[in-house]
$ cat final.json   # JSON, C-alpha atoms
[["chain", "number", "residue", "atom", "x", "y", "z"],
["A", 4, "MET", "CA", 99.69, 108.66, 30.96],
["A", 5, "LEU", "CA", 95.92, 108.75, 31.04],
["A", 6, "ARG", "CA", 95.13, 109.43, 27.41],
["A", 7, "ALA", "CA", 96.49, 108.48, 24.04],
["A", 8, "LEU", "CA", 98.33, 111.07, 21.98],
["A", 9, "ALA", "CA", 97.44, 111.95, 18.42],
["A", 10, "ASP", "CA", 99.23, 109.96, 15.72],
["A", 11, "GLY", "CA", 102.41, 111.72, 14.67],
["A", 12, "SER", "CA", 102.91, 113.51, 17.99],
["A", 13, "VAL", "CA", 106.57, 113.80, 18.95],
["A", 14, "VAL", "CA", 107.62, 112.45, 22.33],
["A", 15, "ALA", "CA", 111.15, 113.43, 23.28],
["A", 16, "ILE", "CA", 113.05, 111.28, 25.76],
["A", 17, "ASP", "CA", 115.90, 113.09, 27.45],
["A", 18, "GLY", "CA", 118.12, 112.66, 30.49],
["A", 19, "LYS", "CA", 119.24, 115.52, 32.72],
["A", 20, "ALA", "CA", 120.58, 116.09, 36.20],
["A", 21, "SER", "CA", 117.92, 117.63, 38.43],
["A", 22, "ARG", "CA", 118.78, 121.18, 39.47],
["A", 23, "ARG", "CA", 119.38, 121.84, 43.17],
["A", 24, "SER", "CA", 119.33, 118.10, 43.90],
["A", 25, "ARG", "CA", 123.06, 117.81, 44.53],
["A", 26, "LEU", "CA", 123.82, 117.41, 48.23],
["A", 27, "ARG", "CA", 127.22, 117.60, 49.87],
["A", 28, "GLY", "CA", 129.03, 114.34, 49.28],
["A", 29, "LYS", "CA", 126.26, 112.93, 47.04],
["A", 30, "GLN", "CA", 125.56, 112.94, 43.32],
["A", 31, "ALA", "CA", 122.76, 115.01, 41.84],
["A", 32, "LEU", "CA", 119.50, 113.22, 41.08],
["A", 33, "HIS", "CA", 119.47, 112.19, 37.42],
["A", 34, "LEU", "CA", 116.13, 111.87, 35.63],
["A", 35, "VAL", "CA", 115.16, 110.44, 32.27],
["A", 36, "SER", "CA", 111.99, 112.23, 31.17],
["A", 37, "ALA", "CA", 109.47, 111.76, 28.38],
["A", 38, "PHE", "CA", 107.64, 114.87, 27.27],
["A", 39, "VAL", "CA", 105.41, 115.94, 24.41],
["A", 40, "ALA", "CA", 107.64, 118.21, 22.35],
["A", 41, "GLY", "CA", 106.31, 121.74, 22.08],
["A", 42, "ALA", "CA", 103.47, 121.17, 24.54],
["A", 43, "ASP", "CA", 105.18, 121.51, 27.95],
["A", 44, "LEU", "CA", 103.61, 118.20, 28.93],
["A", 45, "VAL", "CA", 105.72, 115.68, 30.85],
["A", 46, "LEU", "CA", 104.43, 112.13, 30.41],
["A", 47, "GLY", "CA", 106.70, 110.40, 32.87],
["A", 48, "GLN", "CA", 110.10, 110.28, 34.55],
["A", 49, "GLU", "CA", 112.50, 107.57, 35.67],
["A", 50, "ALA", "CA", 115.31, 108.20, 38.14],
["A", 51, "CYS", "CA", 118.78, 106.73, 37.68],
["A", 52, "ALA", "CA", 122.07, 106.98, 39.54],
["A", 53, "ASP", "CA", 123.88, 109.04, 36.89],
["A", 54, "LYS", "CA", 124.09, 109.67, 33.14],
["A", 55, "SER", "CA", 125.84, 106.35, 32.55],
["A", 56, "ASN", "CA", 122.71, 104.54, 33.79],
["A", 57, "GLU", "CA", 120.25, 106.28, 31.46],
["A", 58, "LEU", "CA", 120.25, 103.31, 29.09],
["A", 59, "SER", "CA", 118.78, 101.05, 31.78],
["A", 60, "ALA", "CA", 116.20, 103.67, 32.79],
["A", 61, "ILE", "CA", 114.79, 104.24, 29.30],
["A", 62, "PRO", "CA", 113.12, 100.79, 28.89],
["A", 63, "ALA", "CA", 111.41, 101.15, 32.28],
["A", 64, "LEU", "CA", 110.10, 104.56, 31.28],
["A", 65, "LEU", "CA", 108.91, 103.32, 27.88],
["A", 66, "GLU", "CA", 107.03, 100.45, 29.51],
["A", 67, "ALA", "CA", 104.99, 102.89, 31.59],
["A", 68, "LEU", "CA", 103.84, 104.98, 28.61],
["A", 69, "MET", "CA", 101.20, 104.68, 25.89],
["A", 70, "LEU", "CA", 103.09, 105.60, 22.74],
["A", 71, "LYS", "CA", 101.00, 104.04, 19.99],
["A", 72, "GLY", "CA", 101.21, 106.14, 16.82],
["A", 73, "VAL", "CA", 103.72, 108.70, 18.13],
["A", 74, "ILE", "CA", 107.29, 109.43, 17.06],
["A", 75, "ALA", "CA", 109.73, 108.90, 19.93],
["A", 76, "THR", "CA", 112.98, 110.84, 19.59],
["A", 77, "ILE", "CA", 116.08, 110.06, 21.64],
["A", 78, "ASP", "CA", 119.59, 111.43, 21.62],
["A", 79, "ALA", "CA", 122.56, 109.16, 20.97],
["A", 80, "MET", "CA", 122.37, 107.80, 24.53],
["A", 81, "GLY", "CA", 119.36, 105.72, 23.45],
["A", 82, "THR", "CA", 120.56, 104.60, 20.04],
["A", 83, "HIS", "CA", 120.53, 100.88, 20.76],
["A", 84, "ARG", "CA", 118.66, 98.04, 19.12],
["A", 85, "SER", "CA", 116.85, 97.13, 22.35],
["A", 86, "ILE", "CA", 115.50, 100.67, 22.70],
["A", 87, "ALA", "CA", 114.32, 100.75, 19.09],
["A", 88, "GLN", "CA", 112.62, 97.37, 19.62],
["A", 89, "ALA", "CA", 110.89, 98.56, 22.79],
["A", 90, "ILE", "CA", 109.49, 101.57, 20.93],
["A", 91, "ARG", "CA", 108.25, 99.45, 18.02],
["A", 92, "GLU", "CA", 106.59, 97.03, 20.44],
["A", 93, "GLN", "CA", 104.56, 100.02, 21.64],
["A", 94, "GLN", "CA", 103.43, 100.50, 18.00],
["A", 95, "ALA", "CA", 105.32, 103.78, 17.94],
["A", 96, "HIS", "CA", 108.03, 105.06, 15.60],
["A", 97, "TYR", "CA", 111.57, 106.01, 16.55],
["A", 98, "VAL", "CA", 114.00, 108.69, 15.41],
["A", 99, "LEU", "CA", 117.41, 108.06, 16.97],
["A", 100, "ALA", "CA", 120.48, 110.29, 16.83],
["A", 101, "VAL", "CA", 123.66, 108.65, 15.58],
["A", 102, "LYS", "CA", 127.00, 109.76, 16.99],
["A", 103, "GLY", "CA", 130.20, 108.17, 18.24],
["A", 104, "ASN", "CA", 128.35, 105.46, 20.14],
["A", 105, "GLN", "CA", 127.59, 103.84, 16.77],
["A", 106, "PRO", "CA", 130.81, 104.63, 14.87],
["A", 107, "LYS", "CA", 130.35, 102.32, 11.87],
["A", 108, "LEU", "CA", 126.76, 103.43, 11.37],
["A", 109, "ALA", "CA", 127.74, 107.09, 11.69],
["A", 110, "GLU", "CA", 130.59, 106.62, 9.25],
["A", 111, "SER", "CA", 128.35, 104.92, 6.66],
["A", 112, "ILE", "CA", 125.77, 107.72, 6.84],
["A", 113, "ALA", "CA", 128.43, 110.43, 6.60],
["A", 114, "SER", "CA", 130.13, 108.66, 3.68],
["A", 115, "PHE", "CA", 126.87, 108.23, 1.75],
["A", 116, "PHE", "CA", 125.94, 111.86, 2.39],
["A", 117, "GLY", "CA", 129.35, 113.19, 1.40],
["A", 118, "THR", "CA", 129.36, 111.27, -1.87],
["A", 119, "GLY", "CA", 125.83, 112.37, -2.78],
["A", 120, "GLN", "CA", 126.57, 115.99, -1.92],
["A", 121, "ALA", "CA", 129.79, 115.98, -3.98],
["A", 122, "GLN", "CA", 127.85, 114.67, -6.99],
["A", 123, "GLY", "CA", 125.08, 117.25, -6.63],
["A", 124, "TRP", "CA", 122.60, 114.51, -5.68],
["A", 125, "LYS", "CA", 122.47, 113.20, -9.25],
["A", 126, "HIS", "CA", 120.86, 109.76, -9.34],
["A", 127, "VAL", "CA", 120.45, 109.82, -5.52],
["A", 128, "PRO", "CA", 116.74, 109.69, -4.61],
["A", 129, "HIS", "CA", 116.09, 111.77, -1.53],
["A", 130, "SER", "CA", 113.68, 114.11, 0.22],
["A", 131, "TYR", "CA", 114.82, 117.61, 1.15],
["A", 132, "VAL", "CA", 113.49, 120.59, 3.09],
["A", 133, "GLU", "CA", 114.78, 123.85, 4.55],
["A", 134, "SER", "CA", 113.45, 125.71, 7.56],
["A", 135, "VAL", "CA", 114.25, 128.95, 9.38],
["A", 136, "GLU", "CA", 113.50, 129.66, 13.04],
["A", 137, "LYS", "CA", 113.83, 132.98, 14.87],
["A", 138, "ASP", "CA", 113.51, 133.24, 18.63],
["A", 139, "HIS", "CA", 114.83, 135.80, 21.15],
["A", 140, "GLY", "CA", 117.81, 136.89, 19.08],
["A", 141, "ARG", "CA", 118.52, 133.40, 17.75],
["A", 142, "LEU", "CA", 118.37, 132.64, 14.04],
["A", 143, "GLU", "CA", 118.64, 129.04, 12.90],
["A", 144, "LEU", "CA", 118.68, 127.76, 9.34],
["A", 145, "ARG", "CA", 118.19, 124.00, 9.02],
["A", 146, "ARG", "CA", 118.65, 121.88, 5.93],
["A", 147, "CYS", "CA", 117.32, 118.34, 6.13],
["A", 148, "TRP", "CA", 117.87, 115.38, 3.80],
["A", 149, "ALA", "CA", 116.14, 112.01, 4.18],
["A", 150, "PHE", "CA", 117.03, 108.75, 2.41],
["A", 151, "ASP", "CA", 115.82, 105.16, 2.15],
["A", 152, "GLN", "CA", 118.92, 103.49, 0.64],
["A", 153, "LEU", "CA", 119.32, 101.24, 3.66],
["A", 154, "GLN", "CA", 121.70, 98.90, 1.87],
["A", 155, "CYS", "CA", 124.34, 101.64, 2.10],
["A", 156, "LEU", "CA", 124.31, 101.58, 5.90],
["A", 157, "ALA", "CA", 126.46, 99.49, 8.21],
["A", 158, "ASN", "CA", 124.40, 96.49, 9.38],
["A", 159, "PRO", "CA", 120.93, 98.01, 8.83],
["A", 160, "ARG", "CA", 119.16, 94.75, 9.71],
["A", 161, "GLN", "CA", 119.96, 95.15, 13.39],
["A", 162, "TRP", "CA", 117.47, 98.01, 13.61],
["A", 163, "PRO", "CA", 113.85, 96.82, 13.82],
["A", 164, "ASP", "CA", 111.61, 98.15, 11.04],
["A", 165, "LEU", "CA", 114.25, 100.64, 9.91],
["A", 166, "LYS", "CA", 112.93, 102.66, 6.96],
["A", 167, "SER", "CA", 115.10, 105.75, 6.67],
["A", 168, "PHE", "CA", 118.13, 107.72, 7.66],
["A", 169, "GLY", "CA", 118.79, 111.41, 7.44],
["A", 170, "VAL", "CA", 121.14, 114.33, 7.88],
["A", 171, "ILE", "CA", 120.34, 117.75, 9.30],
["A", 172, "GLU", "CA", 122.75, 120.64, 8.90],
["A", 173, "ALA", "CA", 122.03, 123.48, 11.30],
["A", 174, "GLU", "CA", 123.48, 126.99, 11.07],
["A", 175, "ARG", "CA", 122.74, 128.97, 14.21],
["A", 176, "THR", "CA", 123.46, 132.69, 14.74],
["A", 177, "ILE", "CA", 123.23, 134.23, 18.22],
["A", 178, "GLN", "CA", 124.35, 137.81, 18.87],
["A", 179, "GLY", "CA", 126.36, 137.89, 15.67],
["A", 180, "LYS", "CA", 128.19, 134.62, 16.31],
["A", 181, "THR", "CA", 127.46, 131.72, 13.93],
["A", 182, "SER", "CA", 127.97, 128.02, 14.64],
["A", 183, "ARG", "CA", 127.39, 125.05, 12.34],
["A", 184, "GLU", "CA", 126.52, 121.46, 13.20],
["A", 185, "ARG", "CA", 125.71, 118.31, 11.27],
["A", 186, "ARG", "CA", 123.41, 115.77, 12.93],
["A", 187, "LEU", "CA", 122.75, 112.19, 11.78],
["A", 188, "TYR", "CA", 119.61, 110.11, 12.38],
["A", 189, "ILE", "CA", 118.00, 106.75, 11.70],
["A", 190, "GLY", "CA", 114.27, 106.12, 11.93],
["A", 191, "SER", "CA", 111.36, 103.77, 11.46],
["A", 192, "ILE", "CA", 109.52, 106.65, 9.79],
["A", 193, "PRO", "CA", 109.42, 106.96, 5.96],
["A", 194, "ALA", "CA", 112.20, 108.93, 4.24],
["A", 195, "HIS", "CA", 110.31, 112.23, 4.37],
["A", 196, "ALA", "CA", 112.48, 115.25, 5.19],
["A", 197, "PRO", "CA", 109.67, 117.50, 6.54],
["A", 198, "THR", "CA", 108.70, 114.80, 9.06],
["A", 199, "LEU", "CA", 112.30, 114.23, 10.17],
["A", 200, "ASN", "CA", 113.00, 117.96, 10.38],
["A", 201, "GLY", "CA", 109.79, 118.60, 12.31],
["A", 202, "SER", "CA", 110.52, 115.81, 14.77],
["A", 203, "GLU", "CA", 114.05, 117.06, 15.38],
["A", 204, "SER", "CA", 113.15, 120.74, 15.67],
["A", 205, "ARG", "CA", 110.31, 120.14, 18.14],
["A", 206, "ASN", "CA", 112.63, 117.98, 20.20],
["A", 207, "ILE", "CA", 115.25, 120.73, 20.37],
["A", 208, "CYS", "CA", 112.71, 123.44, 21.17],
["A", 209, "ALA", "CA", 111.21, 121.37, 23.96],
["A", 210, "SER", "CA", 114.58, 120.58, 25.54]]

$ encode --input "final.json" --output "structure tokens"
Amino acid sequence: MLRALADGSVVAIDGKASRRSRLRGKQALHLVSAFVAGADLVLGQEACADKSNELSAIPALLEALMLKGVIATIDAMGTHRSIAQAIREQQAHYVLAVKGNQPKLAESIASFFGTGQAQGWKHVPHSYVESVEKDHGRLELRRCWAFDQLQCLANPRQWPDLKSFGVIEAERTIQGKTSRERRLYIGSIPAHAPTLNGSESRNICAS
């Protein structure tokens, strides 16, 4: 990358099989890409043998980029301490998805969220925001909560400079059919729901 990005820019890191690259008897080319969310700007790519090797490709890609001041978002494939550390060493922030690859962490976030929701968020400091997006027949309502009660998480000290965790509930309607999804995140960003929601939504739109 030849120029620095503005502070707060969202850089999404995502792995996908390259279309039309599959040859007879050979696997498709798999690429891990870094792109500026919402700007159609690819910053760099790193090839790997298959999806299972994305974790080894991400550090090499990060090393080649100038990420100072940006927010790097990665799906659950990159939710590892070493990846978070590599991002922080670039003086960037991370927002990492939490799924089954971090079961204890996911369970602690879900448990905290469920308890707070059942109690109507009484005595639970948090930041909250809602957003609605319409695009080509798609309607999505997103509710985002952000928290800084790190002591409630499973082993929070393993994550460098961890400052927040959050939950996003998305309700998406396409051609009259509605689906619902709950997504969990940890981040080195402050517990500010609009920032988390904006980072996540720009990541999804770009991918």

$ residues_around --input "final.json" --residues "stretch 186-197 of chain A" --least-positions-apart "3" --cutoff "7 Å" --atoms "only C-alpha atoms" --output "VMD selection string"
chain A and resid 96 to 101 130 to 132 147 to 151 164 to 172 200 to 201

$ atom_distance --input "final.json" --atom1 "atom CA of A:Leu156" --atom2 "atom CA of A:Glu110"
8.7 Å

$ closest_residue --input "final.json" --among "A:Gly18, A:Glu133, A:Leu144, A:Ser12" --to "A:Ala42" --atoms "only C-alpha atoms"
A:Ser12

$ closest_residue --input "final.json" --among "A:Gly117, A:Gly72, A:Pro106, A:Gly179" --to "A:Val13" --atoms "only C-alpha atoms"
A:Gly72

$ closest_residue --input "final.json" --among "A:Asp17, A:Asp138, A:Glu92, A:Glu57" --to "A:Val39" --atoms "only C-alpha atoms"
A:Asp17

$ atom_distance --input "final.json" --atom1 "atom CA of A:Glu49" --atom2 "atom CA of A:His33"
8.5 Å

$ closest_residue --input "final.json" --among "A:Ile177, A:Leu199, A:Ala109, A:Leu8" --to "A:Thr76" --atoms "all atoms listed in the file"
A:Leu199

$ atom_distance --input "final.json" --atom1 "atom CA of A:Ala87" --atom2 "atom CA of A:Ala113"
21.2 Å

$ closest_residue --input "final.json" --among "A:Val127, A:Asp43, A:Gly81, A:Ala9" --to "A:Met69" --atoms "only C-alpha atoms"
A:Ala9

$ closest_residue --input "final.json" --among "A:Arg160, A:Gln152, A:Glu203, A:Leu142" --to "A:Arg183" --atoms "all atoms listed in the file"
A:Leu142
